[in-house]
file run29.tsv (TSV, C-alpha atoms and all ligand atoms)
chain	number	residue	atom	x	y	z
T	1083	MET	CA	-9.89	45.41	79.51
T	1084	SER	CA	-7.62	44.92	82.49
T	1085	THR	CA	-7.66	46.91	85.69
T	1086	LEU	CA	-4.05	47.69	84.98
T	1087	VAL	CA	-5.01	49.84	82.01
T	1088	ASP	CA	-7.17	52.00	84.31
T	1089	ARG	CA	-4.30	52.38	86.74
T	1090	ILE	CA	-1.92	53.37	83.94
T	1091	LYS	CA	-4.43	55.91	82.61
T	1092	THR	CA	-4.98	57.40	86.06
T	1093	ARG	CA	-1.26	57.73	86.50
T	1094	ILE	CA	-0.80	59.47	83.15
T	1095	LYS	CA	-3.65	61.86	83.97
T	1096	ARG	CA	-2.06	62.65	87.32
T	1097	GLU	CA	1.63	62.74	86.44
T	1098	GLY	CA	1.80	63.21	82.67
T	1099	SER	CA	3.36	60.99	79.99
T	1100	MET	CA	5.35	57.89	80.94
T	1101	SER	CA	8.41	56.41	79.28
T	1102	VAL	CA	8.13	53.15	77.34
T	1103	ALA	CA	10.30	51.61	80.09
T	1104	GLU	CA	7.82	52.60	82.80
T	1105	TYR	CA	4.95	51.26	80.72
T	1106	MET	CA	6.78	47.98	80.08
T	1107	SER	CA	7.74	47.63	83.70
T	1108	LEU	CA	4.16	48.15	84.94
T	1109	CYS	CA	2.76	45.72	82.36
T	1110	LEU	CA	5.29	43.02	83.12
T	1111	LEU	CA	5.99	43.39	86.81
T	1112	ASP	CA	3.16	45.19	88.62
T	1113	PRO	CA	2.87	42.89	91.66
T	1114	LYS	CA	-0.92	42.69	91.49
T	1115	TYR	CA	-1.79	42.98	87.80
T	1116	GLY	CA	1.52	42.52	85.96
T	1117	TYR	CA	2.02	39.82	83.37
T	1118	TYR	CA	4.73	37.76	85.09
T	1119	PRO	CA	3.60	37.93	88.73
T	1120	THR	CA	0.11	36.68	87.89
T	1121	ARG	CA	0.70	33.65	85.66
T	1122	ASP	CA	2.92	30.97	84.18
T	1123	PRO	CA	3.16	32.21	80.57
T	1124	LEU	CA	5.48	29.56	79.14
T	1125	GLY	CA	5.03	26.50	76.98
T	1126	SER	CA	2.79	25.44	74.15
T	1127	ASP	CA	-0.39	26.27	76.13
T	1128	GLY	CA	1.00	29.65	77.15
T	1129	ASP	CA	1.96	32.77	75.21
T	1130	PHE	CA	5.49	31.89	74.15
T	1131	ILE	CA	7.97	29.03	74.17
T	1132	THR	CA	11.67	29.16	74.95
T	1133	ALA	CA	14.67	26.95	74.13
T	1134	PRO	CA	14.69	24.95	77.40
T	1135	GLU	CA	10.96	24.32	76.91
T	1136	ILE	CA	11.65	22.95	73.42
T	1137	SER	CA	14.14	20.33	74.50
T	1138	GLN	CA	16.10	19.03	77.49
T	1139	MET	CA	19.21	19.08	75.27
T	1140	PHE	CA	19.51	22.85	75.64
T	1141	GLY	CA	19.89	22.83	79.44
T	1142	GLU	CA	22.03	19.69	79.34
T	1143	VAL	CA	24.73	21.16	77.12
T	1144	LEU	CA	24.63	24.35	79.20
T	1145	GLY	CA	25.37	22.10	82.19
T	1146	LEU	CA	28.59	21.08	80.45
T	1147	TRP	CA	29.34	24.78	79.95
T	1148	VAL	CA	28.96	25.28	83.70
T	1149	ILE	CA	31.36	22.39	84.48
T	1150	GLN	CA	33.95	23.89	82.14
T	1151	SER	CA	33.46	27.35	83.67
T	1152	TRP	CA	33.96	25.91	87.15
T	1153	LYS	CA	37.25	24.38	85.94
T	1154	ASP	CA	38.25	27.69	84.30
T	1155	MET	CA	37.68	29.42	87.66
T	1156	GLY	CA	40.26	27.00	89.16
T	1157	SER	CA	37.81	24.30	90.35
T	1158	PRO	CA	36.93	26.22	93.54
T	1159	GLY	CA	35.80	24.36	96.67
T	1160	SER	CA	32.49	26.19	96.59
T	1161	PHE	CA	30.78	28.32	93.96
T	1162	ASN	CA	27.47	29.99	93.16
T	1163	LEU	CA	25.39	29.04	90.13
T	1164	VAL	CA	22.99	31.90	89.52
T	1165	GLU	CA	20.11	31.90	87.06
T	1166	MET	CA	18.35	35.15	86.18
T	1167	GLY	CA	14.70	34.81	85.12
T	1168	PRO	CA	14.50	31.00	85.45
T	1169	GLY	CA	10.96	30.60	84.04
T	1170	ARG	CA	9.68	27.18	85.07
T	1171	GLY	CA	13.08	26.00	86.35
T	1172	ILE	CA	13.41	23.45	83.56
T	1173	MET	CA	16.74	24.71	82.27
T	1174	MET	CA	18.24	24.60	85.78
T	1175	SER	CA	16.93	21.09	86.32
T	1176	ASP	CA	18.41	19.92	82.97
T	1177	MET	CA	21.71	21.67	83.73
T	1178	LEU	CA	21.97	20.05	87.16
T	1179	ARG	CA	21.36	16.59	85.65
T	1180	ALA	CA	24.31	17.16	83.31
T	1181	ILE	CA	26.49	18.67	86.05
T	1182	ASN	CA	25.95	15.44	88.01
T	1183	LEU	CA	28.34	13.88	85.48
T	1184	ALA	CA	31.08	15.78	87.34
T	1185	PRO	CA	30.37	14.95	91.01
T	1186	ASP	CA	33.27	17.08	92.26
T	1187	CYS	CA	31.69	20.12	90.58
T	1188	MET	CA	28.19	19.25	91.80
T	1189	GLU	CA	29.34	18.86	95.42
T	1190	ASN	CA	30.63	22.41	95.42
T	1191	LEU	CA	27.74	24.33	93.97
T	1192	THR	CA	24.85	26.28	95.46
T	1193	VAL	CA	22.04	27.48	93.20
T	1194	TYR	CA	20.62	31.00	93.45
T	1195	LEU	CA	17.55	31.95	91.43
T	1196	ILE	CA	16.58	35.55	90.71
T	1197	GLU	CA	12.90	35.66	89.79
T	1198	ALA	CA	10.47	38.58	89.77
T	1199	SER	CA	7.30	36.48	89.62
T	1200	ALA	CA	5.87	34.78	92.70
T	1201	ALA	CA	3.82	32.48	90.46
T	1202	LEU	CA	6.90	31.28	88.57
T	1203	GLU	CA	8.91	31.00	91.78
T	1204	ALA	CA	6.34	28.47	93.00
T	1205	VAL	CA	6.66	26.49	89.74
T	1206	GLN	CA	10.47	26.58	90.03
T	1207	GLY	CA	10.19	25.22	93.59
T	1208	LYS	CA	8.23	22.23	92.31
T	1209	THR	CA	10.53	21.57	89.34
T	1210	LEU	CA	13.61	21.69	91.56
T	1211	GLU	CA	12.08	19.84	94.50
T	1212	ASN	CA	14.63	17.02	94.23
T	1213	SER	CA	17.56	19.18	93.21
T	1214	PRO	CA	20.94	17.56	93.89
T	1215	ALA	CA	22.23	20.98	95.05
T	1216	PRO	CA	20.82	23.48	97.55
T	1217	VAL	CA	18.56	26.09	95.89
T	1218	TYR	CA	17.85	29.60	97.21
T	1219	TRP	CA	15.80	32.48	95.82
T	1220	VAL	CA	17.26	35.99	96.07
T	1221	SER	CA	15.93	39.27	94.75
T	1222	SER	CA	19.12	40.60	93.18
T	1223	LEU	CA	22.72	39.74	92.34
T	1224	ASP	CA	23.87	41.77	95.35
T	1225	GLU	CA	22.28	39.15	97.60
T	1226	VAL	CA	24.35	36.31	96.14
T	1227	PRO	CA	27.22	35.58	98.59
T	1228	LEU	CA	30.75	36.58	97.67
T	1229	GLY	CA	32.81	33.93	95.92
T	1230	PRO	CA	33.29	32.32	92.51
T	1231	THR	CA	30.08	32.69	90.52
T	1232	VAL	CA	28.63	31.43	87.24
T	1233	ILE	CA	25.59	33.38	86.03
T	1234	ILE	CA	23.20	32.31	83.26
T	1235	GLY	CA	20.15	34.01	81.77
T	1236	ASN	CA	18.13	32.71	78.84
T	1237	GLU	CA	15.56	35.12	77.41
T	1238	TYR	CA	16.07	37.31	80.48
T	1239	LEU	CA	17.47	40.47	78.87
T	1240	ASP	CA	14.64	40.74	76.32
T	1241	CYS	CA	12.04	41.38	79.01
T	1242	LEU	CA	13.98	44.16	80.73
T	1243	PRO	CA	12.28	47.53	80.12
T	1244	ILE	CA	13.60	49.62	77.23
T	1245	ARG	CA	13.44	53.35	76.54
T	1246	GLN	CA	12.90	54.56	72.98
T	1247	PHE	CA	14.21	57.74	71.33
T	1248	ILE	CA	13.65	59.23	67.89
T	1249	GLN	CA	16.13	61.43	66.05
T	1250	THR	CA	14.19	64.53	64.99
T	1251	ASP	CA	17.08	66.66	63.74
T	1252	ARG	CA	20.28	64.86	62.92
T	1253	PHE	CA	22.25	68.06	62.47
T	1254	ALA	CA	21.52	68.89	66.10
T	1255	GLN	CA	23.14	65.52	67.02
T	1256	ILE	CA	22.37	64.54	70.63
T	1257	GLN	CA	20.05	67.56	70.99
T	1258	GLY	CA	17.89	66.18	68.17
T	1259	TRP	CA	16.82	63.06	70.09
T	1260	ARG	CA	13.36	63.05	71.70
T	1261	GLU	CA	12.01	60.30	73.93
T	1262	ARG	CA	9.02	58.32	72.70
T	1263	VAL	CA	6.52	58.31	75.52
T	1264	VAL	CA	3.07	56.90	76.32
T	1265	ILE	CA	0.17	59.37	76.61
T	1266	LEU	CA	-3.62	59.33	76.38
T	1267	ASP	CA	-5.09	60.14	73.00
T	1268	PRO	CA	-6.95	63.44	73.62
T	1269	ASP	CA	-9.85	62.31	71.39
T	1270	THR	CA	-10.33	58.68	72.37
T	1271	ASP	CA	-8.66	58.53	75.81
T	1272	ASP	CA	-6.78	55.41	74.62
T	1273	LEU	CA	-3.11	54.77	75.29
T	1274	THR	CA	-0.93	55.96	72.43
T	1275	PHE	CA	2.63	57.05	71.65
T	1276	ALA	CA	3.87	60.64	71.45
T	1277	LEU	CA	7.23	62.39	71.35
T	1278	SER	CA	8.54	64.27	74.32
T	1279	THR	CA	9.02	67.96	73.61
T	1280	GLU	CA	12.23	68.05	75.65
T	1281	PRO	CA	15.56	67.02	74.13
T	1282	VAL	CA	17.20	64.02	75.75
T	1283	SER	CA	19.30	64.90	78.80
T	1284	GLU	CA	23.07	64.73	78.44
T	1285	ILE	CA	23.28	62.04	81.09
T	1286	VAL	CA	20.92	59.74	79.18
T	1287	GLY	CA	22.48	60.65	75.81
T	1288	ALA	CA	25.85	59.55	77.19
T	1289	THR	CA	24.46	56.00	77.57
T	1290	PHE	CA	23.50	55.70	73.88
T	1291	PRO	CA	25.46	53.10	71.89
T	1292	SER	CA	28.04	54.69	69.60
T	1293	ALA	CA	26.00	53.89	66.45
T	1294	HIS	CA	23.47	56.58	67.45
T	1295	ILE	CA	25.52	59.16	65.55
T	1296	ASP	CA	24.61	57.43	62.26
T	1297	ALA	CA	20.86	57.86	62.77
T	1298	LYS	CA	18.90	59.66	60.08
T	1299	ASN	CA	15.86	61.75	60.91
T	1300	ASP	CA	12.93	59.69	62.25
T	1301	GLU	CA	15.10	56.72	63.13
T	1302	LEU	CA	14.34	55.09	66.46
T	1303	LEU	CA	16.93	53.96	69.00
T	1304	GLU	CA	16.26	51.66	71.95
T	1305	ILE	CA	18.32	51.56	75.12
T	1306	CYS	CA	17.99	49.19	78.06
T	1307	PRO	CA	19.12	50.84	81.32
T	1308	ALA	CA	18.24	47.73	83.35
T	1309	ALA	CA	20.65	45.63	81.26
T	1310	HIS	CA	23.37	48.14	82.09
T	1311	GLN	CA	22.48	47.88	85.78
T	1312	THR	CA	22.78	44.09	85.50
T	1313	LEU	CA	26.26	44.46	83.95
T	1314	ASP	CA	27.25	46.92	86.68
T	1315	ALA	CA	26.28	44.37	89.34
T	1316	ILE	CA	28.12	41.59	87.47
T	1317	ASN	CA	31.19	43.79	87.17
T	1318	ASP	CA	31.16	44.48	90.93
T	1319	LYS	CA	31.02	40.74	91.62
T	1320	PHE	CA	33.71	39.78	89.11
T	1321	ARG	CA	36.11	42.38	90.50
T	1322	MET	CA	36.06	40.53	93.81
T	1323	SER	CA	35.89	36.86	92.77
T	1324	PRO	CA	36.34	34.86	89.59
T	1325	GLY	CA	33.20	34.55	87.54
T	1326	ARG	CA	31.52	34.13	84.20
T	1327	ALA	CA	28.10	35.31	82.97
T	1328	LEU	CA	26.31	33.94	79.93
T	1329	PHE	CA	23.24	35.50	78.33
T	1330	ILE	CA	21.33	34.00	75.44
T	1331	ASP	CA	18.70	36.06	73.70
T	1332	TYR	CA	17.38	37.36	70.40
T	1333	GLY	CA	18.82	40.42	68.72
T	1334	PRO	CA	21.35	41.70	66.20
T	1335	GLU	CA	25.12	41.70	66.57
T	1336	VAL	CA	25.37	45.40	65.69
T	1337	THR	CA	23.09	48.22	66.84
T	1338	GLU	CA	20.09	48.52	64.51
T	1339	PHE	CA	17.52	51.29	64.52
T	1340	GLY	CA	13.79	50.59	64.66
T	1341	ASP	CA	10.94	49.88	67.06
T	1342	THR	CA	11.20	46.29	68.29
T	1343	LEU	CA	8.82	46.40	71.25
T	1344	GLN	CA	6.45	43.52	70.69
T	1345	ALA	CA	3.51	41.99	72.49
T	1346	LEU	CA	2.70	38.27	72.26
T	1347	LYS	CA	-0.44	36.45	73.25
T	1348	ARG	CA	-0.88	32.74	72.56
T	1349	HIS	CA	2.11	32.76	70.20
T	1350	GLU	CA	0.60	35.57	68.08
T	1351	LYS	CA	1.80	39.17	67.83
T	1352	VAL	CA	-0.75	41.67	69.16
T	1353	GLY	CA	-0.71	45.46	69.67
T	1354	VAL	CA	1.42	46.68	72.59
T	1355	PHE	CA	-1.55	48.59	74.03
T	1356	SER	CA	-4.11	45.84	73.27
T	1357	ASP	CA	-4.32	44.33	76.76
T	1358	PRO	CA	-1.76	45.72	79.23
T	1359	GLY	CA	-0.70	43.18	81.85
T	1360	ASN	CA	-2.11	40.24	79.89
T	1361	THR	CA	0.35	40.08	77.00
T	1362	ASP	CA	4.06	39.37	77.04
T	1363	LEU	CA	6.17	42.41	76.12
T	1364	THR	CA	9.77	42.04	74.92
T	1365	ALA	CA	12.30	43.95	72.85
T	1366	ARG	CA	15.28	42.70	70.92
T	1367	VAL	CA	18.60	42.82	72.75
T	1368	ASP	CA	21.28	45.20	71.43
T	1369	PHE	CA	24.37	43.01	71.90
T	1370	ALA	CA	26.69	45.69	70.52
T	1371	ALA	CA	25.47	48.14	73.16
T	1372	LEU	CA	26.10	45.56	75.88
T	1373	GLY	CA	29.64	45.00	74.59
T	1374	GLU	CA	30.32	48.73	74.50
T	1375	PHE	CA	29.03	49.15	78.02
T	1376	ALA	CA	31.21	46.24	79.23
T	1377	GLU	CA	34.20	47.91	77.57
T	1378	SER	CA	33.46	51.15	79.41
T	1379	LEU	CA	33.52	49.16	82.67
T	1380	GLU	CA	36.67	47.31	81.56
T	1381	LEU	CA	34.73	44.11	82.08
T	1382	PRO	CA	36.16	41.41	79.77
T	1383	TYR	CA	33.60	39.93	77.38
T	1384	MET	CA	33.40	37.54	74.46
T	1385	PRO	CA	31.62	38.94	71.41
T	1386	THR	CA	28.36	37.25	70.46
T	1387	VAL	CA	28.10	33.96	68.62
T	1388	PRO	CA	24.89	32.75	67.00
T	1389	GLN	CA	23.00	30.09	68.96
T	1390	HIS	CA	23.60	27.42	66.29
T	1391	GLU	CA	27.37	27.86	66.55
T	1392	PHE	CA	27.32	28.06	70.36
T	1393	LEU	CA	25.21	24.92	70.80
T	1394	SER	CA	27.16	23.00	68.15
T	1395	LYS	CA	30.43	23.76	69.89
T	1396	LEU	CA	28.86	22.51	73.12
T	1397	GLY	CA	28.10	19.20	71.36
T	1398	ILE	CA	24.32	19.42	70.98
T	1399	GLU	CA	24.35	17.25	67.84
T	1400	MET	CA	26.11	14.47	69.75
T	1401	ARG	CA	23.62	14.79	72.58
T	1402	ALA	CA	20.76	14.55	70.09
T	1403	ALA	CA	22.30	11.43	68.55
T	1404	SER	CA	22.70	9.70	71.89
T	1405	LEU	CA	19.14	10.58	72.97
T	1406	ALA	CA	17.83	9.23	69.66
T	1407	LYS	CA	19.84	6.03	70.12
T	1408	ALA	CA	18.39	5.52	73.58
T	1409	LYS	CA	14.84	6.22	72.33
T	1410	PRO	CA	14.61	5.23	68.66
T	1411	GLU	CA	10.85	5.88	68.63
T	1412	SER	CA	11.56	9.58	69.35
T	1413	LYS	CA	14.22	10.01	66.67
T	1414	ALA	CA	12.12	12.22	64.39
T	1415	LYS	CA	10.91	14.35	67.31
T	1416	ILE	CA	14.46	14.89	68.57
T	1417	ALA	CA	15.58	15.88	65.07
T	1418	ARG	CA	12.74	18.44	64.92
T	1419	GLN	CA	13.70	19.86	68.31
T	1420	LEU	CA	17.34	20.13	67.24
T	1421	GLU	CA	16.27	21.95	64.10
T	1422	ARG	CA	14.16	24.43	66.11
T	1423	LEU	CA	17.09	25.20	68.39
T	1424	THR	CA	19.83	25.39	65.77
T	1425	GLY	CA	18.21	25.82	62.35
T	1426	GLU	CA	19.09	29.14	60.70
T	1427	ASP	CA	15.42	29.77	59.92
T	1428	HIS	CA	14.44	29.00	63.50
T	1429	MET	CA	16.36	30.10	66.60
T	1430	GLY	CA	19.87	29.29	65.33
T	1431	GLN	CA	20.72	32.62	63.78
T	1432	LEU	CA	18.45	35.19	65.45
T	1433	PHE	CA	19.39	34.04	68.96
T	1434	LYS	CA	22.91	34.76	70.17
T	1435	ALA	CA	25.11	34.10	73.17
T	1436	ILE	CA	27.32	36.70	74.85
T	1437	CYS	CA	29.68	36.11	77.76
T	1438	PHE	CA	31.19	38.45	80.38
T	1439	GLN	CA	33.88	37.29	82.73
T	1440	SER	CA	36.46	38.23	85.33
T	1441	ASN	CA	40.05	38.88	84.28
T	1442	GLY	CA	42.28	35.95	83.28
T	1443	MET	CA	39.59	33.34	82.65
T	1444	GLY	CA	40.51	32.08	79.16
T	1445	ILE	CA	38.10	31.47	76.28
T	1446	PRO	CA	34.76	30.04	77.38
T	1447	LEU	CA	33.41	26.93	75.67
T	1448	GLY	CA	31.27	27.82	72.65
T	1449	PHE	CA	32.89	31.18	71.87
T	1450	ARG	CA	35.51	32.18	69.31
T	1451	ASN	CA	39.09	32.82	70.18
T	1452	PRO	CA	39.49	36.54	69.33
T	1453	TYR	CA	43.08	35.83	68.23
T	1454	ASP	CA	41.77	33.45	65.53
T	1455	MET	CA	39.67	36.20	63.98
T	1456	VAL	CA	41.19	38.12	61.14
S	1501	LIG	N1	14.67	31.57	81.24
S	1501	LIG	C1	13.36	30.99	81.10
S	1501	LIG	C2	12.22	32.01	81.16
S	1501	LIG	C3	12.28	33.16	80.21
S	1501	LIG	S1	10.89	34.25	80.42
S	1501	LIG	C4	13.30	30.19	79.83
S	1501	LIG	O1	14.19	30.32	79.00
S	1501	LIG	O2	12.35	29.42	79.66
S	1501	LIG	C5	11.56	35.54	81.40
S	1501	LIG	C6	11.79	35.18	82.86
S	1501	LIG	O3	12.38	36.31	83.51
S	1501	LIG	C7	10.56	34.83	83.65
S	1501	LIG	O4	10.91	33.87	84.61
S	1501	LIG	C8	10.21	36.18	84.30
S	1501	LIG	O5	9.35	36.06	85.39
S	1501	LIG	C9	11.59	36.65	84.66
S	1501	LIG	N2	11.76	38.10	84.84
S	1501	LIG	C10	11.28	39.09	84.06
S	1501	LIG	N3	11.72	40.29	84.50
S	1501	LIG	C11	12.50	40.04	85.57
S	1501	LIG	C12	13.24	40.87	86.46
S	1501	LIG	N4	13.27	42.19	86.32
S	1501	LIG	N5	13.93	40.27	87.46
S	1501	LIG	C13	13.93	38.92	87.61
S	1501	LIG	N6	13.24	38.10	86.79
S	1501	LIG	C14	12.52	38.64	85.80

call {"tool": "encode", "arguments": {"input": "run29.tsv", "output": "structure tokens", "more": "lines below"}}
Ligand code: SAH
result
Amino acid sequence: MSTLVDRIKTRIKREGSMSVAEYMSLCLLDPKYGYYPTRDPLGSDGDFITAPEISQMFGEVLGLWVIQSWKDMGSPGSFNLVEMGPGRGIMMSDMLRAINLAPDCMENLTVYLIEASAALEAVQGKTLENSPAPVYWVSSLDEVPLGPTVIIGNEYLDCLPIRQFIQTDRFAQIQGWRERVVILDPDTDDLTFALSTEPVSEIVGATFPSAHIDAKNDELLEICPAAHQTLDAINDKFRMSPGRALFIDYGPEVTEFGDTLQALKRHEKVGVFSDPGNTDLTARVDFAALGEFAESLELPYMPTVPQHEFLSKLGIEMRAASLAKAKPESKAKIARQLERLTGEDHMGQLFKAICFQSNGMGIPLGFRNPYDMV
């Protein structure tokens, strides 16, 4: 068992129960024992694999998306390209290779990476050693200089800490919700879940997505305050300069109830308390809640599209065909990679893209024109 588990237990003994968000945050980000700061978890030898790790095509077509976004911002003389949670830096490196196709765009961009893990920051430094654009690491969006900005995050939102609530008395409406918290089992001293005895505060209840009113007794709702903070910071930026932010992640289009906190180790699901700090913890992204929050900020956004549709519109099939033509011996492998990224039984349907932008930016590449929808 990890040392982190002892620290978590000591803290619960001293201060009482902790929220799922606090637990998740300690497991993932504790600087000394947390999951991300202490390792490189990605790839086939690691605990999980992501789209840019599957194929270079993913980052390359996103590079085209960046070029188009730069044009939609009015082809500014300088702009920021920000990546949140860049993993091993592979997606950025693939994007930059594609952006090189538009030298006037490339000349004007500066890369900013926002990464919580020192270990991954070192890997990113190596991957981007020969970057055609200057690369800086910053700790938050507020540190990115003012000016036109394109922001991208792939599988970033799913590792932000969530809070969980259970409806215990639907007739009491907001008063019926109780937070699910982490305590020590009085018999075994192991970490376990319990329900807070206090009703949810009005301030927190006000941040619930609108679908919470439909919950039946015992249904569980997840909220992600850190995602809201990210949108707040994006909104502040986009009020001052043109900008566009794209997030790709797994989750439903409409708010769904249920516990989605999951732990992964070596590509297998394990218990969330099985080995704190040594397993990846994520939760599905509630895209509807993000859209509602953007609306409350009056931040324009494009409703989600499934990854297969988004990547197809960006021309991933054509990219696959040209890669296969250049390397006929890899044709079958490229077809398999394309299927993993876009197949409806793979990432194509479960993963979705959502886009937030400043006023007056037009429809981003890959999204639907809301006026076409009936
Ligand atoms: N985007 C990459 C990696 C996804 S894994 C890819 O698609 O392959 C999640 C990434 O987010 C890791 O780089 C992790 O260290 C980083 N991360 C997690 N929580 C973060 C936080 N609060 N702030 C910044 N980065 C974070």

call {"tool": "axis_aligned_box", "arguments": {"input": "run29.tsv", "around": "segment 1313-1327 of chain T", "padding_each_side": "6 Å", "output": "JSON"}}
result
{"center_x": 31.3, "center_y": 40.5, "center_z": 88.4, "size_x": 22.1, "size_y": 24.8, "size_z": 22.8}

call {"tool": "closest_residue", "arguments": {"input": "run29.tsv", "among": "T:Ala1435, T:Met1173, T:Ala1103, T:Val1143", "to": "Ala1402 of chain T", "atoms": "only C-alpha atoms"}}
result
T:Val1143

call {"tool": "residues_near_ligand", "arguments": {"input": "run29.tsv", "ligand": "ligand LIG 1501 (chain S)", "cutoff": "6 Å", "atoms": "only C-alpha atoms and all ligand atoms", "output": "VMD selection string"}}
result
chain T and resid 1118 1132 to 1135 1166 to 1169 1196 to 1199 1236 to 1238 1241 to 1242

call {"tool": "closest_residue", "arguments": {"input": "run29.tsv", "among": "T:Phe1247, T:Phe1253, T:Phe1140, T:Phe1369", "to": "His1310 of chain T", "atoms": "only C-alpha atoms"}}
result
T:Phe1369

call {"tool": "residues_around", "arguments": {"input": "run29.tsv", "residues": "Ile1149 of chain T", "least_positions_apart": "5", "cutoff": "9 Å", "atoms": "only C-alpha atoms", "output": "list in words"}}
result
Leu1144, Asp1154, Ser1157, Ala1180, Ile1181, Ala1184, Cys1187 and Met1188 of chain T

call {"tool": "residues_around", "arguments": {"input": "run29.tsv", "residues": "Ser1292 of chain T", "least_positions_apart": "5", "cutoff": "12 Å", "atoms": "only C-alpha atoms", "output": "ChimeraX atom specification"}}
result
/T:1256,1287,1297,1303,1305,1336-1338,1368,1370-1375,1378

call {"tool": "atom_distance", "arguments": {"input": "run29.tsv", "atom1": "atom CA of Ile1316 of chain T", "atom2": "atom CA of Leu1191 of chain T"}}
result
18.4 Å

call {"tool": "closest_residue", "arguments": {"input": "run29.tsv", "among": "T:Asp1186, T:Glu1104, T:Asp1362, T:Asp1224", "to": "Asn1317 of chain T", "atoms": "all atoms listed in the file"}}
result
T:Asp1224

call {"tool": "atom_distance", "arguments": {"input": "run29.tsv", "atom1": "atom CA of Tyr1115 of chain T", "atom2": "atom CA of Glu1165 of chain T"}}
result
24.6 Å

call {"tool": "atom_distance", "arguments": {"input": "run29.tsv", "atom1": "atom CA of Leu1447 of chain T", "atom2": "atom CA of Pro1385 of chain T"}}
result
12.9 Å
